[in-house]
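input05.txt, holding compact mmCIF, C-alpha atoms and all ligand atoms:
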```txt
# COMPACT_ATOMS: atom_id res chain seq x y z
CA MET A 20 21.25 -3.49 4.48
CA THR A 21 18.86 -5.84 2.77
CA SER A 22 20.40 -8.89 1.15
CA ASP A 23 18.14 -8.78 -1.93
CA ALA A 24 19.58 -5.46 -3.13
CA PHE A 25 20.54 -5.53 -6.79
CA ILE A 26 23.05 -2.73 -6.39
CA SER A 27 24.69 -2.31 -3.03
CA ILE A 28 26.99 0.62 -2.34
CA ARG A 29 28.61 0.02 1.04
CA ASN A 30 30.46 2.65 3.04
CA VAL A 31 32.04 4.15 -0.07
CA ASP A 32 34.50 7.04 0.20
CA LYS A 33 36.13 8.79 -2.74
CA PHE A 34 39.09 11.12 -2.46
CA PHE A 35 40.58 13.18 -5.29
CA GLY A 36 43.92 13.99 -3.68
CA LYS A 37 42.99 15.48 -0.32
CA PHE A 38 39.48 16.45 -1.43
CA GLN A 39 36.74 14.06 -0.32
CA ALA A 40 34.07 13.94 -3.03
CA ILE A 41 32.11 11.02 -1.51
CA ASP A 42 31.82 10.56 2.24
CA ASP A 43 30.72 7.19 3.62
CA VAL A 44 27.83 6.58 1.24
CA SER A 45 25.74 3.41 1.61
CA ILE A 46 22.82 2.82 -0.77
CA ASP A 47 20.88 -0.31 -1.64
CA ILE A 48 18.92 -0.30 -4.89
CA GLY A 49 16.34 -2.97 -5.73
CA HIS A 50 15.93 -4.84 -9.00
CA GLY A 51 13.86 -2.84 -11.48
CA GLU A 52 13.86 0.23 -9.30
CA PHE A 53 13.92 3.78 -10.69
CA PHE A 54 16.39 5.32 -8.27
CA SER A 55 17.51 8.95 -8.40
CA LEU A 56 20.49 10.81 -6.98
CA LEU A 57 19.39 14.38 -6.29
CA GLY A 58 21.59 17.23 -5.15
CA SER A 59 23.09 20.56 -6.10
CA SER A 60 26.10 21.01 -8.36
CA GLY A 61 29.30 19.44 -7.04
CA CYS A 62 27.67 17.20 -4.40
CA GLY A 63 29.15 14.03 -5.94
CA LYS A 64 26.36 12.62 -8.14
CA THR A 65 28.47 12.04 -11.25
CA THR A 66 31.34 10.68 -9.16
CA LEU A 67 29.04 8.08 -7.63
CA LEU A 68 27.64 7.12 -11.04
CA ARG A 69 31.14 6.82 -12.49
CA MET A 70 32.09 4.46 -9.67
CA LEU A 71 29.06 2.29 -10.50
CA ALA A 72 30.15 2.26 -14.14
CA GLY A 73 33.74 1.47 -13.18
CA PHE A 74 35.32 4.65 -14.58
CA GLU A 75 36.45 5.54 -11.05
CA SER A 76 37.23 3.27 -8.09
CA PRO A 77 36.17 3.92 -4.51
CA SER A 78 39.00 4.99 -2.17
CA SER A 79 37.39 2.67 0.38
CA GLY A 80 34.20 0.67 0.69
CA GLU A 81 32.74 -1.73 -1.86
CA ILE A 82 30.16 -1.76 -4.62
CA TYR A 83 28.19 -4.95 -5.38
CA ILE A 84 26.05 -5.46 -8.46
CA ASP A 85 23.90 -8.57 -8.71
CA GLY A 86 25.71 -9.98 -5.68
CA GLN A 87 29.19 -9.60 -7.19
CA PRO A 88 31.85 -7.28 -5.76
CA MET A 89 32.86 -4.85 -8.52
CA SER A 90 36.35 -3.82 -7.33
CA GLU A 91 38.15 -6.09 -9.81
CA VAL A 92 35.61 -5.77 -12.64
CA PRO A 93 36.53 -3.37 -15.48
CA PRO A 94 33.82 -1.10 -16.98
CA HIS A 95 33.16 -3.18 -20.10
CA MET A 96 32.61 -6.33 -18.00
CA ARG A 97 29.98 -4.70 -15.74
CA PRO A 98 26.27 -5.29 -16.39
CA VAL A 99 25.72 -1.54 -16.68
CA ASN A 100 25.52 1.07 -19.38
CA MET A 101 25.75 4.82 -19.01
CA VAL A 102 23.90 7.62 -20.83
CA PHE A 103 25.66 10.96 -20.57
CA GLN A 104 24.28 14.44 -20.29
CA SER A 105 25.66 15.57 -23.64
CA TYR A 106 23.96 13.10 -25.95
CA ALA A 107 26.99 11.41 -27.40
CA ILE A 108 25.73 10.08 -30.69
CA PHE A 109 27.92 10.00 -33.78
CA PRO A 110 26.90 12.74 -36.25
CA HIS A 111 28.45 10.98 -39.27
CA LEU A 112 26.45 7.75 -38.73
CA ASP A 113 22.78 7.27 -39.51
CA VAL A 114 20.30 6.40 -36.77
CA ARG A 115 20.49 2.65 -37.45
CA ASP A 116 24.29 2.52 -37.14
CA ASN A 117 24.23 4.70 -34.06
CA ILE A 118 21.83 2.37 -32.26
CA ALA A 119 23.69 -0.75 -33.41
CA TYR A 120 27.09 0.70 -32.49
CA GLY A 121 27.62 -1.42 -29.37
CA LEU A 122 26.62 -4.61 -31.22
CA ARG A 123 29.43 -4.41 -33.78
CA LYS A 124 31.74 -6.71 -31.80
CA GLN A 125 29.05 -9.39 -31.58
CA LYS A 126 29.25 -10.30 -35.31
CA LEU A 127 25.48 -10.75 -35.66
CA PRO A 128 23.89 -11.47 -39.05
CA LYS A 129 22.63 -8.24 -40.63
CA ALA A 130 18.99 -9.39 -40.56
CA LYS A 131 19.17 -10.06 -36.82
CA ARG A 132 20.85 -6.75 -36.15
CA ASP A 133 18.27 -4.85 -38.18
CA GLU A 134 15.49 -6.62 -36.33
CA MET A 135 16.94 -5.55 -32.97
CA VAL A 136 17.33 -1.95 -34.14
CA ASP A 137 13.73 -1.86 -35.44
CA GLU A 138 12.54 -3.13 -32.07
CA MET A 139 14.42 -0.31 -30.36
CA LEU A 140 13.01 2.28 -32.79
CA GLU A 141 9.50 1.08 -31.87
CA LEU A 142 10.33 1.32 -28.19
CA ILE A 143 11.59 4.91 -28.39
CA LYS A 144 8.64 5.84 -30.64
CA LEU A 145 10.77 6.68 -33.70
CA PRO A 146 9.82 3.86 -36.10
CA GLY A 147 11.04 4.48 -39.65
CA TYR A 148 13.83 6.81 -38.55
CA GLY A 149 16.61 4.25 -39.18
CA ASP A 150 17.99 5.90 -42.30
CA ARG A 151 18.00 9.46 -40.97
CA LYS A 152 21.34 11.15 -40.44
CA ALA A 153 22.01 11.93 -36.78
CA ASN A 154 22.39 15.63 -37.59
CA GLU A 155 18.87 15.68 -39.04
CA LEU A 156 17.32 15.00 -35.65
CA SER A 157 15.96 17.25 -32.92
CA GLY A 158 17.57 17.32 -29.48
CA GLY A 159 14.87 15.13 -27.97
CA GLN A 160 15.13 12.62 -30.81
CA ARG A 161 18.91 12.44 -30.38
CA GLN A 162 18.42 11.84 -26.70
CA ARG A 163 16.12 8.92 -27.47
CA ILE A 164 18.69 7.48 -29.91
CA ALA A 165 21.29 7.65 -27.15
CA LEU A 166 18.91 5.75 -24.88
CA ALA A 167 18.22 3.13 -27.56
CA ARG A 168 21.93 2.67 -28.11
CA ALA A 169 22.39 1.91 -24.42
CA LEU A 170 19.28 -0.27 -24.16
CA ILE A 171 20.02 -2.50 -27.17
CA LEU A 172 22.89 -4.05 -25.21
CA ARG A 173 20.32 -5.14 -22.62
CA PRO A 174 22.24 -3.94 -19.58
CA LYS A 175 20.86 -4.92 -16.20
CA VAL A 176 21.44 -1.38 -15.01
CA LEU A 177 21.18 1.88 -16.90
CA LEU A 178 23.05 4.84 -15.43
CA LEU A 179 21.67 8.17 -16.61
CA ASP A 180 23.59 11.37 -15.86
CA GLU A 181 21.20 14.30 -16.28
CA PRO A 182 20.06 12.89 -19.61
CA LEU A 183 17.35 15.54 -20.03
CA GLY A 184 19.48 18.47 -18.90
CA ALA A 185 19.88 20.04 -22.33
CA LEU A 186 16.20 19.96 -23.30
CA ASP A 187 13.68 22.78 -23.03
CA LYS A 188 10.99 22.57 -20.37
CA GLN A 189 8.19 21.22 -22.55
CA LEU A 190 10.27 18.55 -24.26
CA ARG A 191 11.83 17.69 -20.93
CA GLU A 192 8.43 17.01 -19.36
CA GLN A 193 7.36 14.89 -22.31
CA MET A 194 10.63 12.94 -22.20
CA GLN A 195 10.23 12.38 -18.45
CA LEU A 196 6.97 10.55 -19.04
CA GLU A 197 8.46 8.58 -21.92
CA LEU A 198 11.49 7.65 -19.86
CA ARG A 199 9.31 6.39 -17.05
CA ASP A 200 7.19 4.33 -19.49
CA LEU A 201 10.31 2.96 -21.11
CA GLN A 202 11.77 1.93 -17.77
CA ARG A 203 8.53 0.13 -16.86
CA THR A 204 8.43 -1.62 -20.25
CA VAL A 205 12.00 -2.90 -20.19
CA GLY A 206 12.00 -3.48 -16.42
CA ILE A 207 15.68 -2.75 -15.87
CA THR A 208 17.17 -0.85 -12.95
CA PHE A 209 17.67 2.87 -13.56
CA VAL A 210 20.06 5.03 -11.57
CA PHE A 211 19.21 8.55 -12.58
CA VAL A 212 21.12 11.71 -11.72
CA THR A 213 19.42 15.09 -11.57
CA HIS A 214 19.63 18.38 -9.71
CA ASP A 215 15.98 19.11 -10.55
CA GLN A 216 13.79 18.17 -7.59
CA GLU A 217 10.56 18.15 -9.58
CA GLU A 218 12.08 15.77 -12.10
CA ALA A 219 13.25 13.46 -9.31
CA LEU A 220 9.80 13.51 -7.66
CA THR A 221 8.02 12.77 -10.95
CA LEU A 222 10.17 9.87 -12.04
CA SER A 223 11.57 8.01 -9.08
CA ASP A 224 10.57 5.09 -6.92
CA ARG A 225 13.13 6.32 -4.42
CA ILE A 226 15.49 9.26 -4.18
CA ALA A 227 18.76 9.83 -2.33
CA VAL A 228 19.20 13.51 -1.48
CA MET A 229 22.91 14.31 -1.49
CA SER A 230 24.95 17.21 -0.15
CA GLU A 231 28.73 17.56 0.00
CA GLY A 232 29.38 13.92 -0.76
CA ARG A 233 26.92 12.54 1.77
CA VAL A 234 23.42 11.12 1.58
CA LEU A 235 21.15 13.31 3.72
CA GLN A 236 18.01 11.20 3.29
CA MET A 237 16.83 8.32 1.17
CA ASP A 238 13.10 7.80 0.71
CA SER A 239 10.16 7.67 -1.69
CA PRO A 240 9.07 10.99 -3.25
CA THR A 241 6.14 11.20 -0.79
CA GLY A 242 8.37 10.29 2.13
CA LEU A 243 10.88 13.03 1.30
CA TYR A 244 8.18 15.61 0.76
CA GLU A 245 5.91 14.72 3.68
CA ARG A 246 8.49 13.54 6.21
CA PRO A 247 11.80 15.28 5.57
CA SER A 248 14.30 14.35 8.28
CA SER A 249 16.18 17.65 8.36
CA ARG A 250 15.79 21.29 7.53
CA ARG A 251 18.22 20.93 4.62
CA VAL A 252 16.15 18.24 2.96
CA ALA A 253 12.91 20.08 3.72
CA SER A 254 14.13 23.27 2.08
CA PHE A 255 15.73 21.47 -0.85
CA ILE A 256 12.49 19.71 -1.82
CA GLY A 257 9.78 22.31 -2.38
CA THR A 258 8.98 25.25 -0.10
CA MET A 259 8.62 24.96 3.66
CA ASN A 260 7.77 27.29 6.56
CA PHE A 261 9.98 26.80 9.62
CA PHE A 262 9.22 27.84 13.19
CA ASP A 263 11.82 27.72 15.97
CA GLY A 264 10.58 26.01 19.09
CA THR A 265 11.44 24.40 22.39
CA VAL A 266 10.10 21.07 23.64
CA SER A 267 8.00 21.88 26.68
CA GLY A 268 6.81 18.36 27.42
CA VAL A 269 7.07 14.72 26.29
CA ASN A 270 4.39 12.21 27.14
CA GLY A 271 4.75 8.85 25.43
CA THR A 272 4.62 9.61 21.72
CA SER A 273 3.05 13.00 22.26
CA VAL A 274 5.37 16.02 22.18
CA GLU A 275 4.47 19.53 23.27
CA VAL A 276 6.37 22.35 21.60
CA ALA A 277 6.36 26.05 22.35
CA ALA A 278 6.79 27.38 18.81
CA GLU A 279 7.60 30.99 17.97
CA GLY A 280 4.67 32.61 16.23
CA LEU A 281 2.34 29.62 16.58
CA GLY A 282 2.17 29.20 20.35
CA THR A 283 1.93 25.79 22.05
CA LEU A 284 1.56 22.84 19.69
CA ARG A 285 0.93 19.21 20.51
CA LEU A 286 2.39 16.71 18.05
CA ASP A 287 2.20 12.94 17.96
CA ARG A 288 5.67 11.98 16.82
CA ARG A 289 7.60 8.83 17.47
CA GLU A 290 10.19 9.14 14.67
CA THR A 291 11.92 12.22 16.11
CA ALA A 292 13.68 11.51 19.40
CA VAL A 293 13.42 14.64 21.56
CA ALA A 294 13.54 15.49 25.27
CA GLU A 295 12.09 18.34 27.28
CA GLY A 296 14.08 21.53 26.79
CA ASP A 297 15.40 20.55 23.33
CA LYS A 298 15.54 23.20 20.66
CA VAL A 299 13.52 21.97 17.67
CA GLN A 300 11.89 23.27 14.53
CA VAL A 301 8.32 22.82 13.47
CA ALA A 302 7.77 22.89 9.71
CA ILE A 303 4.71 23.08 7.50
CA ARG A 304 4.26 23.22 3.72
CA PRO A 305 2.51 26.31 2.27
CA GLU A 306 -0.29 24.20 0.74
CA LYS A 307 -1.07 22.52 4.08
CA LEU A 308 -2.10 25.81 5.63
CA GLY A 309 -5.70 26.91 5.38
CA ILE A 310 -6.41 30.63 4.98
CA SER A 311 -9.73 32.36 5.66
CA ASP A 312 -11.23 35.75 6.46
CA SER A 313 -13.08 34.51 9.52
CA ARG A 314 -12.05 32.28 12.40
CA PRO A 315 -12.17 28.67 11.14
CA GLU A 316 -14.29 26.10 12.97
CA GLY A 317 -13.34 22.54 13.84
CA GLU A 318 -10.33 20.58 15.03
CA GLY A 319 -6.73 21.53 14.45
CA GLY A 320 -4.70 24.65 15.08
CA ARG A 321 -5.50 28.22 14.07
CA ILE A 322 -3.98 31.63 14.52
CA GLU A 323 -4.80 35.15 13.45
CA GLY A 324 -2.32 37.19 11.44
CA THR A 325 -2.11 39.98 8.90
CA LEU A 326 -2.23 39.45 5.16
CA GLU A 327 0.86 41.20 3.92
CA ASN A 328 1.07 40.24 0.28
CA SER A 329 -0.60 38.02 -2.32
CA ALA A 330 0.30 36.80 -5.78
CA TYR A 331 -2.45 35.53 -8.07
CA LEU A 332 -1.22 32.65 -10.26
CA GLY A 333 -4.50 31.58 -11.86
CA GLU A 334 -5.03 28.08 -10.54
CA ARG A 335 -3.69 29.10 -7.13
CA SER A 336 -2.57 32.12 -5.16
CA HIS A 337 0.43 32.61 -2.91
CA HIS A 338 -0.17 34.60 0.26
CA TYR A 339 2.29 35.96 2.79
CA VAL A 340 0.94 36.30 6.28
CA ARG A 341 2.62 38.20 9.10
CA LEU A 342 2.36 36.61 12.57
CA ASP A 343 3.21 38.34 15.85
CA GLY A 344 6.74 37.58 17.01
CA LEU A 345 8.05 36.33 13.66
CA GLU A 346 10.56 38.04 11.43
CA LYS A 347 9.52 36.35 8.19
CA PRO A 348 5.96 36.15 6.87
CA VAL A 349 4.42 32.69 6.57
CA ALA A 350 3.96 31.40 3.00
CA VAL A 351 0.55 29.97 2.11
CA SER A 352 -0.38 28.40 -1.19
CA ALA A 353 -4.14 28.17 -1.73
CA GLN A 354 -6.12 26.79 -4.65
CA ASN A 355 -8.44 29.35 -6.16
CA LYS A 356 -11.74 27.62 -5.58
CA GLU A 357 -15.07 29.41 -5.12
CA ASN A 358 -14.23 30.24 -1.49
CA ALA A 359 -10.84 31.78 -2.34
CA ILE A 360 -10.01 34.85 -0.28
CA ALA A 361 -9.74 38.20 -2.03
CA THR A 362 -6.16 39.11 -2.84
CA ALA A 363 -6.61 42.82 -3.55
CA ASP A 364 -7.37 44.02 -0.04
CA ARG A 365 -4.09 43.74 1.86
CA ALA A 366 -2.96 44.59 5.38
CA ARG A 367 -6.14 43.12 6.81
CA PRO A 368 -6.59 40.47 9.53
CA ILE A 369 -6.63 36.90 8.27
CA TRP A 370 -6.79 33.40 9.82
CA LEU A 371 -4.40 30.51 9.27
CA SER A 372 -5.34 26.94 10.17
CA TRP A 373 -3.70 23.52 10.00
CA ASN A 374 -4.11 19.87 10.90
CA GLU A 375 -1.74 18.47 13.47
CA GLU A 376 -0.65 15.71 11.01
CA SER A 377 0.67 18.34 8.58
CA LEU A 378 3.25 19.61 11.08
CA VAL A 379 6.74 18.16 10.72
CA LEU A 380 8.95 18.03 13.80
CA LEU A 381 12.66 18.46 13.10
CA ALA A 382 15.36 17.99 15.71
CA GLY A 383 17.61 21.07 16.18
CA ASP A 384 19.56 21.73 12.99
N1 LIG B 1 38.77 13.96 -11.36
C1 LIG B 1 38.56 14.83 -10.37
N2 LIG B 1 39.59 15.40 -9.72
C2 LIG B 1 39.38 16.27 -8.71
N3 LIG B 1 38.17 16.62 -8.24
C3 LIG B 1 37.11 16.09 -8.86
C4 LIG B 1 37.23 15.17 -9.95
N4 LIG B 1 35.99 14.81 -10.34
C5 LIG B 1 35.15 15.48 -9.55
N5 LIG B 1 35.80 16.25 -8.65
C6 LIG B 1 35.20 17.09 -7.59
O1 LIG B 1 34.33 16.28 -6.84
C7 LIG B 1 33.14 16.99 -6.51
C8 LIG B 1 31.92 16.22 -7.01
O2 LIG B 1 31.92 16.26 -8.43
P1 LIG B 1 30.75 15.61 -9.29
O3 LIG B 1 31.13 15.72 -10.71
O4 LIG B 1 30.49 14.25 -8.78
O5 LIG B 1 29.54 16.57 -8.92
P2 LIG B 1 28.01 16.52 -9.41
O6 LIG B 1 27.17 16.29 -8.22
O7 LIG B 1 27.90 15.57 -10.55
O8 LIG B 1 27.80 18.03 -9.91
P3 LIG B 1 27.00 18.61 -11.21
O9 LIG B 1 25.54 18.66 -10.83
O10 LIG B 1 27.58 19.99 -11.34
O11 LIG B 1 27.30 17.74 -12.39
C9 LIG B 1 33.28 18.37 -7.12
O12 LIG B 1 33.72 19.27 -6.12
C10 LIG B 1 34.35 18.19 -8.17
O13 LIG B 1 35.08 19.37 -8.38
MG MG B 2 27.51 15.82 -12.62
```
Using structure tokens, write down the structure from this file.
Ligand SMILES: Nc1ncnc2c1ncn2[C@@H]1O[C@H](COP(=O)(O)OP(=O)(O)OP(=O)(O)O)[C@@H](O)[C@H]1O
Ligand SMILES: [Mg+2]
Amino acid sequence: MTSDAFISIRNVDKFFGKFQAIDDVSIDIGHGEFFSLLGSSGCGKTTLLRMLAGFESPSSGEIYIDGQPMSEVPPHMRPVNMVFQSYAIFPHLDVRDNIAYGLRKQKLPKAKRDEMVDEMLELIKLPGYGDRKANELSGGQRQRIALARALILRPKVLLLDEPLGALDKQLREQMQLELRDLQRTVGITFVFVTHDQEEALTLSDRIAVMSEGRVLQMDSPTGLYERPSSRRVASFIGTMNFFDGTVSGVNGTSVEVAAEGLGTLRLDRRETAVAEGDKVQVAIRPEKLGISDSRPEGEGGRIEGTLENSAYLGERSHHYVRLDGLEKPVAVSAQNKENAIATADRARPIWLSWNEESLVLLAGD
């Protein structure tokens, strides 16, 4: 644990009766970080967010925000604000009153309050919308009003529970970029919940991948994608080919693996502790595999297989290549450049190639 963490979740468990929703979770989040909780439905994302907000208390463990233990601090005294999935804005109020809602207890002069609201309207790129009725707004605009209403209170932490979940794909992508810009502009810490891996990769400085109440891996988007620590994480983030193997030799940091379908591979890996005889998996992303009609030259690994199927997607094609000794075909994703292989002529011999650095070694799973 680093001591300069702005939010520190330490060994937190949460039980609902006998059911354990959160299982020994420890997460440190830095000041100004865009941090995402990613995982499938029911893995405990909302529960964790609600504990940060103070709507639920941990069964054991402790949460610190800005160095202070939160166990005795009620929700309204915490330096956090939460934006919910269903954009909870008040339909009977206009935009201005919606945004200023949280300020009403502060008894500010009207001019000051209006100035703060106008600033927020600029920030969310809806200047001049103050007098609109909430029910005269689009879904994306309502979502931005909900954000402004949370931001005007200047929380140190903004908790966002699938805030873009209800938007269509195009609006969602536009809002992702705006959200990221907004977070950079205001510089506050975001804890963002999503079950959409692409969204998490696009937005986050770091991501915690959760499953059944636990954190499986916590890393940057590149780290999770390039160096997944388990098969579950690797298959949750993007597509991955897996090959069963056995460690046939260890020499310093160099590991030799007899992999089904690929033959003997030599990998330079210090992060995965393995010993001779261990069952392991070797994994490689579809876009890290080269595909060609003739035997490729140069360094790296190569193997001949049979092109079983192809799908042309315009900018790229997906190919499925059958290798001797493997049940499932290997997935390859290739950009359609001038040297792209023909997709029409199937059931013909084809070559796969890879760089050693693209192979991921996973301890038996
Ligand atoms: N108040 C509660 N009482 C009992 N069980 C609960 C309660 N709140 C949540 N749970 C259970 O805890 C688990 C985690 O729920 P949570 O809402 O945190 O999931 P989530 O990751 O946010 O899922 P989703 O993506 O579907 O929103 C679920 O199995 C849920 O049924
Ligand atoms: Mg949820």
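Proximity ranking of A:Gly51, A:Pro247, A:Gly309, A:Pro182 relative to ligand MG 2 (chain B) places A:Pro182 first, based on all atoms listed in the file.
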The residues within 12 Å of (12.1, 2.5, -32.3), using all atoms listed in the file and the coordinates of the file, should be reported as a ChimeraX atom specification; which are they? /A:114-115,118,133-149,160,163-168,170-171,201
Restricted to C-alpha atoms, what would the selected residues look like written as a compact mmCIF listing (two decimals), keeping the file's coordinate frame?
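That gives us part.txt:
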```txt
# COMPACT_ATOMS: atom_id res chain seq x y z
CA VAL A 114 20.30 6.40 -36.77
CA ARG A 115 20.49 2.65 -37.45
CA ILE A 118 21.83 2.37 -32.26
CA ASP A 133 18.27 -4.85 -38.18
CA GLU A 134 15.49 -6.62 -36.33
CA MET A 135 16.94 -5.55 -32.97
CA VAL A 136 17.33 -1.95 -34.14
CA ASP A 137 13.73 -1.86 -35.44
CA GLU A 138 12.54 -3.13 -32.07
CA MET A 139 14.42 -0.31 -30.36
CA LEU A 140 13.01 2.28 -32.79
CA GLU A 141 9.50 1.08 -31.87
CA LEU A 142 10.33 1.32 -28.19
CA ILE A 143 11.59 4.91 -28.39
CA LYS A 144 8.64 5.84 -30.64
CA LEU A 145 10.77 6.68 -33.70
CA PRO A 146 9.82 3.86 -36.10
CA GLY A 147 11.04 4.48 -39.65
CA TYR A 148 13.83 6.81 -38.55
CA GLY A 149 16.61 4.25 -39.18
CA GLN A 160 15.13 12.62 -30.81
CA ARG A 163 16.12 8.92 -27.47
CA ILE A 164 18.69 7.48 -29.91
CA ALA A 165 21.29 7.65 -27.15
CA LEU A 166 18.91 5.75 -24.88
CA ALA A 167 18.22 3.13 -27.56
CA ARG A 168 21.93 2.67 -28.11
CA LEU A 170 19.28 -0.27 -24.16
CA ILE A 171 20.02 -2.50 -27.17
CA LEU A 201 10.31 2.96 -21.11
```
re CA of Ser239 in chain A and CA of Glu218 in chain A: distance 13.3 Å
Contacts of chain A with ligand MG 2 (chain B) up to 7 Å, shortest pair per row, only C-alpha atoms and all ligand atoms, as CSV:
```
residue,atom,partner,partner_atom,distance
A:Ser60,CA,B:MG2,MG,6.9
A:Gly61,CA,B:MG2,MG,6.9
A:Lys64,CA,B:MG2,MG,5.6
A:Thr65,CA,B:MG2,MG,4.1
A:Asp180,CA,B:MG2,MG,6.8
```
Write the selection just made, keeping C-alpha atoms, as a CSV table (one decimal), in the coordinates of the input?
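Output file result-v3.csv is given in full below:
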```csv
chain,number,residue,atom,x,y,z
A,60,SER,CA,26.1,21.0,-8.4
A,61,GLY,CA,29.3,19.4,-7.0
A,64,LYS,CA,26.4,12.6,-8.1
A,65,THR,CA,28.5,12.0,-11.2
A,180,ASP,CA,23.6,11.4,-15.9
```
All residues 10 Å or closer to range 66-81 of chain A, all atoms listed in the file, same chain fewer than 2 positions away omitted, as a compact mmCIF listing (two decimals) with C-alpha atoms, in the coordinates of the input:
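File result-v5.txt, as written:
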```txt
# COMPACT_ATOMS: atom_id res chain seq x y z
CA ILE A 26 23.05 -2.73 -6.39
CA SER A 27 24.69 -2.31 -3.03
CA ILE A 28 26.99 0.62 -2.34
CA ARG A 29 28.61 0.02 1.04
CA ASN A 30 30.46 2.65 3.04
CA VAL A 31 32.04 4.15 -0.07
CA ASP A 32 34.50 7.04 0.20
CA LYS A 33 36.13 8.79 -2.74
CA PHE A 34 39.09 11.12 -2.46
CA PHE A 35 40.58 13.18 -5.29
CA GLN A 39 36.74 14.06 -0.32
CA ALA A 40 34.07 13.94 -3.03
CA ILE A 41 32.11 11.02 -1.51
CA ASP A 42 31.82 10.56 2.24
CA ASP A 43 30.72 7.19 3.62
CA VAL A 44 27.83 6.58 1.24
CA SER A 45 25.74 3.41 1.61
CA LEU A 56 20.49 10.81 -6.98
CA GLY A 61 29.30 19.44 -7.04
CA CYS A 62 27.67 17.20 -4.40
CA GLY A 63 29.15 14.03 -5.94
CA LYS A 64 26.36 12.62 -8.14
CA TYR A 83 28.19 -4.95 -5.38
CA ILE A 84 26.05 -5.46 -8.46
CA PRO A 88 31.85 -7.28 -5.76
CA MET A 89 32.86 -4.85 -8.52
CA SER A 90 36.35 -3.82 -7.33
CA GLU A 91 38.15 -6.09 -9.81
CA VAL A 92 35.61 -5.77 -12.64
CA PRO A 93 36.53 -3.37 -15.48
CA PRO A 94 33.82 -1.10 -16.98
CA HIS A 95 33.16 -3.18 -20.10
CA MET A 96 32.61 -6.33 -18.00
CA ARG A 97 29.98 -4.70 -15.74
CA PRO A 98 26.27 -5.29 -16.39
CA VAL A 99 25.72 -1.54 -16.68
CA ASN A 100 25.52 1.07 -19.38
CA MET A 101 25.75 4.82 -19.01
CA VAL A 176 21.44 -1.38 -15.01
CA LEU A 177 21.18 1.88 -16.90
CA LEU A 178 23.05 4.84 -15.43
CA LEU A 179 21.67 8.17 -16.61
CA ASP A 180 23.59 11.37 -15.86
CA VAL A 210 20.06 5.03 -11.57
CA PHE A 211 19.21 8.55 -12.58
CA VAL A 212 21.12 11.71 -11.72
CA GLY A 232 29.38 13.92 -0.76
```
re CA of Arg365 in chain A and CA of Glu306 in chain A: distance 19.9 Å
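When all atoms listed in the file are used to measure the gap to Gly383 in chain A, the shortest distance among A:Lys307, A:Pro348, A:Asp297, A:Tyr331 belongs to A:Asp297.
Comparing A:Ala24, A:Tyr244, A:Glu323, A:Glu155 by their smallest distance to Ile48 in chain A, the closest is A:Ala24 (using all atoms listed in the file).
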Of A:Arg233, A:Arg199, A:Lys124, A:Arg151, the one nearest to ligand LIG 1 (chain B) when counting all atoms listed in the file is A:Arg233
What separates CA of Arg250 in chain A and CA of Asp263 in chain A is a distance of 11.3 Å
